[in-house]
Structures are given as structure tokens and as C-alpha cells.
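These notes concern the structure reproduced below.
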Amino acid sequence: MAAQCVTKVELTVSCDHLLDRDIGSKSDPLCVLLMNTTDSQWFEVARTEKVQNCLNPKFAKKFVIDYYFEMVQKLIFAIYDIDNKTVDLSDDDFLGQLEITLGQVVSSKKLTRPLVMKNNKGPAGKGTITISAEEINDNRVVNFEVEARKLDNKDFFGKSDPYLEFYKQTATGWQLAHRTEVVKNNLNPTWRPFRIPLQSLCAGDMDKPIKVECYDYDSDGSHDLIGVFEATMTRLQEASRSSPAEFECVNSKKKQKKKGYKNSGVVSVKLCQVVKEYSFLDYIMGGCQINFTVAVDFTGSNGDPRSSTSLHYISPQGVNEYLSAIWSVGNVIQDYDSDKMFPAFGFGAQIPPSWQVSHEFPLNFNPSNPFCAGIEGVVEAYRACLPQVKLYGPTNFSPIINHVAAFANQALQQTTASQYYVLLIITDGVITDMDQTRNAIVNASRLPMSVIIVGVGGADFGAMEFLDGDDGRLRSMAGETAMRDIVQFVPFRQFKNAPRQALAQSVLAELPQQLASFFTLLKLKPPHQPTQS
């Protein structure tokens, strides 16, 4: 399998002297990474967190990408000043970008380049970007539980708002490995449990110094240093809940000024546990099966299939957007499914013989065996079904999501990571049962499943963007939060003229991580240990 020799590369990004686009405060930058491997279609790989009020941000969230030596992987690192809650970046101020290949980044290990405006229209002020690359060859992560007590109060009104930053020692200085959340107004904070890849923290060297800085957060970006300590993994791992590993936070400026100065508080590590983290390939090669289900939207808003303006109209060449989406995504996924039998359903049509509206009918009209043989079988079933149903409505997603969730729930009864479910919904977009769908997705986020939504046609897909919780966790009607983001939405129109693999690359980009993180969260191992090649 060619995919085995893939190397994962971790990219750490920081910027200096960014343009200031905010009046009265500083820019709030975020870095988005775009990739292009086909010479035409750029797609988004990931984004960092937003750093508030800062023109020299160090981004804590790293980019992890697969490096293929034999492929030119063009990258764009684009910096935006985020002014609103929307996922769309077109309404945010652009602060500059760098276009470069992954090969160039990897070969220089660490590089600093000027940021430029789009289409190379000159420099973006004095802005620069620094990217460090490191091959990931260690799949261990460290689980931490950390609290602190008696931290110095840095706030005139109220108490300090502390957060921690963990730094790894590198040949070119300290590199940010992790930033915790801010605990508001508390000198004795307990941070939420967090995990840091061992490689990002100390390159796997248990005696390498690790620097931890404790800050008081200020919304204007002028965070005050409370104190600093250094440790090693060897020392941190002595931690246990009954006897935590304790470290004095020292502020050197204060130490110089104050005679009887002891410390600025104590950081207490209650858990520091190294665990092996399995990758997507570890699960797949260890026997995990991906079960792929297709659901097709047969609602009236698609238009009469006999009319050439309909989204279901099959052209003389035998194609339409529904078929293209099925082919494109199905072709990639079918390699990971051993029996290649795919259940395929329709929703939103009146179906024979009773002409009742159904929101989950098998395309082959065989409820006891809705399976189609291969992607070809799904395509054939769709073509055969089309003239036999009456397009109707409403557009309800929740029945089909709950249908697949029932199977995913059964799979969860097993003690290993043996089954994962992927539901592909292809729709013209206007969703009717939004509340029930939110509930269904929040419920499914606790199960081994992911939902891919491909939007066809020219409708407004705002509701779909909302379900794809990239800008925050989705909540159910009762206010329950999704355990993880399991929905990936893409509008087909973005890929109209792109090569065939571009759509699949974009919709499947998050899937490996969704699968691996779910099984890691539930501490489920692959059915059998992958053999080392």
C-alpha cells in the first residue's frame, strides 16, 4: 500500500509585525492553511485559533499534514483579522499570505518569509511569517490535569485570569507547544484536562527541559506574566492525584525587587500520563471497517427530473451533480470497506404503491436488503428509482441520521474499534427539520459515525454551515453540546470545474481525524495490533 510510507509533518506558525486593521485595538489574527495538489483547486486543510489583539501571534494550534515526497504539495498560509463569528473568511480583513511548497518548508526546517497581499500585489506591510516543520514519528501523547494555588493577583479590579503556556526547547529557542484556556477571576484555578503530543513537548526526550509560563489574560492583548518554571517529563511523571508534582512559579523581575520573595504561586500537576495514540491508518490496518451509507434528496425543490433545469436531470452524457457526488466520494471510501455493499436511501419523495411521503426509503425499494453492490450499484439503483417516485417534501434529515445512528450504536457494544459509519447526504439544501436534525447530530456525536453533506445547486447553504460546527460546538434543543464535530459540509458548486479528486479530498479531509479521535476518546484499540512494516 503506497499510503503507508506517508510521513506526517507538524507545522508550527508564528507571525510578526502584522498589519493593524482594527481601530482602537489591535488585529485579532488567525492563520488558515490551504493546499493544492492538482494545479487547479485550492482546499482548506485547517485553521489555527484566533489570537486576540496581537500583531506578533504565536499560534498554539499546529497543522499536521501528510507529506508525500512524490507529489508537489503547494501551500498557502493566509492570515486574517477575525471580526465576527462566521466561518466564512471573505468578510474578515486579509493581513497577508505566503505561498510555498511543503517540500520547501520541510527542507529548511524553519523559515521566515515576508507576507504578501493576494496576487502578489506587494508586501503586506512589514508582516512576516515563521514556519517550523517537524516530522512526526512518535505517536505518544501526554494527558495532563493541572491546577494552581495562590497565584499573584495582577488585576486592579477582581482577580487574575490565569492561563498556562508550555514550551519545547529547540535549537533555535523555545517553541510554543500548548496554551490552556483562560480561567476567569481565580487565583486557585483548575484547568480542563488537556493533551499534548509528546513530540511537540520534548521530542520524546524525557529529560529535555520544558518551560511553563503562567500569564494573567487581558483582553487588550497585554497579558501579564505571573511566573515561570522549568520541568522535565521525568519530573512531571512523578505526579499522582494523591501526591501531585508541584512547581513554584517564579517571576524574576519581582524576585530582584522584593527581599523576602518566595514565589508567585504554585502550579500543581495531578496527572501526567503518556499514552500511545493510534492513527487512522493504525485503526484501518488493525481491522476497523468503514461502513458507507448514501442518502439522496428527492424533494420537490430539486425540480422535475424530466426538465433539463432539474438537479436530478440526467444529461445525455449520463451525469448530474448527484451522480458526480456519489462517484467522487464513494470511490475513495469503497477502498476501506471490505464487502463493498452500500445501503442507499432516498428521502422526501412519495413512493409507490401507497404514494406516502418517506424520509428513508431504500433506492432499490427492498427494505429488508437496501444494499447495493459497489458504487456502481448505488448509481444504478438511483437511476432506476428516479422515474418511479414523485418528488415531494419536506426536507427532513433526522430520520436517516437516526437510522444510521442505530447501527453505529450497536457497533459500540463491541469492545474494540471495529466499525465506523459514514453517512453521505446529498441535498439541494433547504432543511425543514432543523431542530430534530440538531438533536440527531448531537446524539450521533457520541457514536462511531460521521456525516458528510454535499450541497448541490445554487441554494443558500447557511443552515448547513451551521451544522458543520467548525466555529464552535453544535448544541441540541435541550442545550446539550455535541461531544465532537462530526459534520463536514461542502457546496458542490465550488468543485464544478475542479478535477474529480478535489471534491473527495475536501469532504474526506476531516474523516481520518474524526475516526481516530473518537476511538481515542473512548479508549478503544484496533481489533488487532497493526503489524509494523
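Ordering of the C-alpha cells sets the chain letters (A, B, ...), residue numbers begin anew at 1 in every chain, and ligands are numbered from 1 in the order given.
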Set out as CSV a contact list for range 137-167 of chain A and range 212-227 of chain A with a cut-off of 12 Å, giving each residue of range 137-167 of chain A that qualifies its closest atom pair and distance in Å to one decimal, counting only C-alpha atoms, ordered by chain and rising residue number.
residue,atom,partner,partner_atom,distance
A:Val146,CA,A:Val212,CA,11.7
A:Glu147,CA,A:Cys214,CA,11.3
A:Ala148,CA,A:Cys214,CA,9.7
A:Arg149,CA,A:Cys214,CA,11.8
A:Lys150,CA,A:Ile226,CA,11.0
A:Leu151,CA,A:Ile226,CA,7.3
A:Asp152,CA,A:Ile226,CA,6.4
A:Asn153,CA,A:Ile226,CA,8.3
A:Lys154,CA,A:Asp216,CA,6.7
A:Asp155,CA,A:Asp216,CA,8.2
A:Phe156,CA,A:Asp218,CA,11.8
A:Gly158,CA,A:Asp216,CA,11.8
A:Lys159,CA,A:Asp216,CA,9.2
A:Ser160,CA,A:Asp216,CA,5.4
A:Asp161,CA,A:Asp216,CA,4.9
A:Pro162,CA,A:Asp216,CA,4.5
A:Tyr163,CA,A:Tyr215,CA,5.5
A:Leu164,CA,A:Cys214,CA,4.6
A:Glu165,CA,A:Glu213,CA,5.2
A:Phe166,CA,A:Val212,CA,4.6
A:Tyr167,CA,A:Val212,CA,6.2
Atoms to include: C-alpha atoms. Write the selected residues as a PDB file, in the first residue's frame.
ATOM      1  CA  VAL A 146      -3.159  20.773  36.217  1.00  0.00           C
ATOM      2  CA  GLU A 147      -4.230  23.277  38.835  1.00  0.00           C
ATOM      3  CA  ALA A 148      -2.572  26.157  40.680  1.00  0.00           C
ATOM      4  CA  ARG A 149      -2.910  27.949  44.003  1.00  0.00           C
ATOM      5  CA  LYS A 150      -2.066  31.323  45.493  1.00  0.00           C
ATOM      6  CA  LEU A 151      -1.199  32.929  42.167  1.00  0.00           C
ATOM      7  CA  ASP A 152      -0.249  36.603  42.290  1.00  0.00           C
ATOM      8  CA  ASN A 153      -3.094  38.991  41.667  1.00  0.00           C
ATOM      9  CA  LYS A 154      -2.319  41.160  38.659  1.00  0.00           C
ATOM     10  CA  ASP A 155      -5.717  42.800  38.270  1.00  0.00           C
ATOM     11  CA  PHE A 156      -6.687  46.091  39.854  1.00  0.00           C
ATOM     12  CA  GLY A 158     -11.180  41.480  40.519  1.00  0.00           C
ATOM     13  CA  LYS A 159      -8.609  38.689  40.418  1.00  0.00           C
ATOM     14  CA  SER A 160      -6.129  37.405  37.811  1.00  0.00           C
ATOM     15  CA  ASP A 161      -7.426  35.405  34.828  1.00  0.00           C
ATOM     16  CA  PRO A 162      -4.681  32.768  34.556  1.00  0.00           C
ATOM     17  CA  TYR A 163      -3.662  30.539  31.661  1.00  0.00           C
ATOM     18  CA  LEU A 164      -0.552  28.413  31.011  1.00  0.00           C
ATOM     19  CA  GLU A 165       1.772  28.098  28.027  1.00  0.00           C
ATOM     20  CA  PHE A 166       4.015  25.048  27.592  1.00  0.00           C
ATOM     21  CA  TYR A 167       7.241  25.445  25.588  1.00  0.00           C
TER      22      TYR A 167
END
Step one, run DSSP on the backbone; step two, keep only residues of range 411-526 of chain A assigned to strand (DSSP E); then write them as an MDAnalysis selection string. chainID A and resid 419:427 449:455 487:491
CA of Glu10 in chain A and CA of Tyr283 in chain A are how many Å apart?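 Between CA of Glu10 in chain A and CA of Tyr283 in chain A the gap works out to 20.7 Å.
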For range 216-283 of chain A versus range 512-520 of chain A, which residues have an atom no more than 8 Å away, and what is each residue's nearest atom pair and distance in Å rounded to one decimal, using only C-alpha atoms, chain-then-number order, as a tab-separated table?
residue	atom	partner	partner_atom	distance
A:Glu277	CA	A:Thr520	CA	6.9
A:Tyr278	CA	A:Ala516	CA	6.9
A:Ser279	CA	A:Ala516	CA	5.9
A:Phe280	CA	A:Ala516	CA	5.2
A:Tyr283	CA	A:Ala516	CA	7.4
Between A:Asn302, A:Thr7, A:Gln52, A:Thr234, which is the closest to Lys390 in chain A once you count only C-alpha atoms?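 Once distances to Lys390 in chain A are computed over only C-alpha atoms, the minimum belongs to A:Asn302.
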Which polymer residues have any atom within 9 Å of an atom of range 399-412 of chain A, counting only C-alpha atoms, with same-chain residues fewer than 3 positions away left out, as a PyMOL selection string? chain A and resi 293+295+345-347+359-360+396+415-423+425+436-437+440-441+443-444+446-449+451
Write the residues you've just listed into a file as a compact mmCIF listing (two decimals), in the first residue's frame, and include C-alpha atoms for each of them.
# COMPACT_ATOMS: atom_id res chain seq x y z
CA THR A 293 -24.35 4.83 3.54
CA ALA A 295 -28.88 9.32 1.23
CA PHE A 345 -31.68 5.61 0.65
CA GLY A 346 -33.82 8.43 -0.62
CA PHE A 347 -35.83 10.97 1.35
CA HIS A 359 -37.86 10.13 4.62
CA GLU A 360 -35.84 6.93 4.45
CA ASN A 396 -36.12 16.06 6.75
CA THR A 415 -15.00 -3.64 22.94
CA THR A 416 -12.70 -2.68 20.06
CA ALA A 417 -12.66 -0.09 17.29
CA SER A 418 -14.14 -2.46 14.73
CA GLN A 419 -16.78 -0.41 12.89
CA TYR A 420 -17.18 3.22 11.89
CA TYR A 421 -20.15 4.65 9.95
CA VAL A 422 -20.07 7.39 7.34
CA LEU A 423 -23.34 8.86 6.06
CA ILE A 425 -26.26 13.11 2.43
CA GLN A 436 -34.64 17.42 15.15
CA THR A 437 -31.52 17.30 12.96
CA ALA A 440 -29.81 13.76 15.90
CA ILE A 441 -26.30 15.09 15.23
CA ASN A 443 -26.70 12.24 19.70
CA ALA A 444 -24.60 10.81 16.84
CA ARG A 446 -21.26 10.13 20.84
CA LEU A 447 -21.26 7.27 18.32
CA PRO A 448 -18.72 5.93 15.82
CA MET A 449 -20.10 7.90 12.89
CA VAL A 451 -21.95 12.83 8.43
Using DSSP on the backbone, list every residue of range 391-514 of chain A that comes out as helix (DSSP H, G or I), and give them as a ChimeraX atom specification. /A:398-411,434-444,462-467,469-471,492-495,500-508,511-514
Residue among A:Leu323, A:Ile136, A:Ile314, A:Cys288 lying closest to Pro387 in chain A, counting only C-alpha atoms: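 Looking at the shortest contact to Pro387 in chain A, the residue is A:Ile314.
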For Val319 in chain A, list every protein, DNA or RNA residue within 12 Å, evaluated using only C-alpha atoms, and leave out those in the same chain fewer than 6 positions away; present the list as a count of residues only. 10
What lies within 9 Å of Lys262 in chain A using only C-alpha atoms, ignoring chain neighbours under 3 positions off, as a ChimeraX atom specification? /A:248,250,255,265
Taking all heavy atoms for each residue, export the selection above as a CSV table (one decimal), in the first residue's frame.
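Contents of selection.csv, as written:
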chain,number,residue,atom,x,y,z
A,248,GLU,N,7.1,25.8,41.8
A,248,GLU,CA,6.9,27.2,42.2
A,248,GLU,C,7.0,28.1,40.9
A,248,GLU,O,8.0,27.9,40.2
A,248,GLU,CB,8.0,27.6,43.2
A,248,GLU,CG,7.9,26.9,44.5
A,248,GLU,CD,8.9,27.5,45.6
A,248,GLU,OE1,8.7,28.7,45.9
A,248,GLU,OE2,9.8,26.8,46.0
A,250,VAL,N,8.0,31.4,39.4
A,250,VAL,CA,8.9,32.4,39.8
A,250,VAL,C,8.9,33.6,38.8
A,250,VAL,O,9.0,33.3,37.6
A,250,VAL,CB,10.3,31.9,40.0
A,250,VAL,CG1,11.3,33.1,40.3
A,250,VAL,CG2,10.3,30.9,41.2
A,255,LYS,N,11.4,39.0,41.9
A,255,LYS,CA,12.4,38.4,42.7
A,255,LYS,C,13.6,39.4,43.0
A,255,LYS,O,14.1,39.5,44.1
A,255,LYS,CB,13.0,37.1,42.1
A,255,LYS,CG,13.8,36.2,43.0
A,255,LYS,CD,14.2,34.9,42.3
A,255,LYS,CE,15.0,34.1,43.3
A,255,LYS,NZ,15.3,32.8,42.7
A,265,GLY,N,3.1,31.9,43.3
A,265,GLY,CA,2.1,30.8,43.3
A,265,GLY,C,2.7,29.5,43.0
A,265,GLY,O,3.9,29.4,42.6
Rank A:Val9, A:Val389, A:Leu521, A:Ile375 by their smallest atom-to-atom distance to Arg195 in chain A, using only C-alpha atoms, and report the top residue only.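 Under the stated criterion, the closest residue is A:Leu521.
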Would you mind listing what lies within 12 Å of range 87-91 of chain A as a ChimeraX atom specification, with only C-alpha atoms counted and same-chain residues fewer than 2 positions away left out? /A:29-32,44,46-47,78-85,93-95,461-462,464-472,489
Would you list the contacts of range 501-511 of chain A as JSON, numbers by chain, taking every protein, DNA or RNA residue within 9 Å and counting only C-alpha atoms, but skipping same-chain residues closer than 2 positions in sequence? {"A": [37, 38, 41, 42, 43, 44, 45, 280, 325, 328, 329, 330, 331, 332, 333, 422, 450, 452, 453, 454, 486, 488, 489, 490, 492, 494, 495, 498, 499, 513, 514, 515, 516]}
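Note that the spacing between CA of Leu75 in chain A and CA of Asp20 in chain A amounts to 24.3 Å.
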Please tabulate, as CSV, the residues of range 246-339 of chain A that come within 10 Å of range 235-240 of chain A, each with its closest pair of atoms and the distance in Å to one decimal, counting only C-alpha atoms and ordering rows by chain, then residue number upward.
residue,atom,partner,partner_atom,distance
A:Glu246,CA,A:Ala239,CA,8.2
A:Phe247,CA,A:Leu236,CA,9.6
A:Ser268,CA,A:Ala239,CA,8.6
A:Val269,CA,A:Ala239,CA,6.0
A:Lys270,CA,A:Ser240,CA,5.1
A:Leu271,CA,A:Ser240,CA,5.6
A:Cys272,CA,A:Gln237,CA,5.3
A:Gln273,CA,A:Gln237,CA,6.7
A:Val274,CA,A:Gln237,CA,8.4
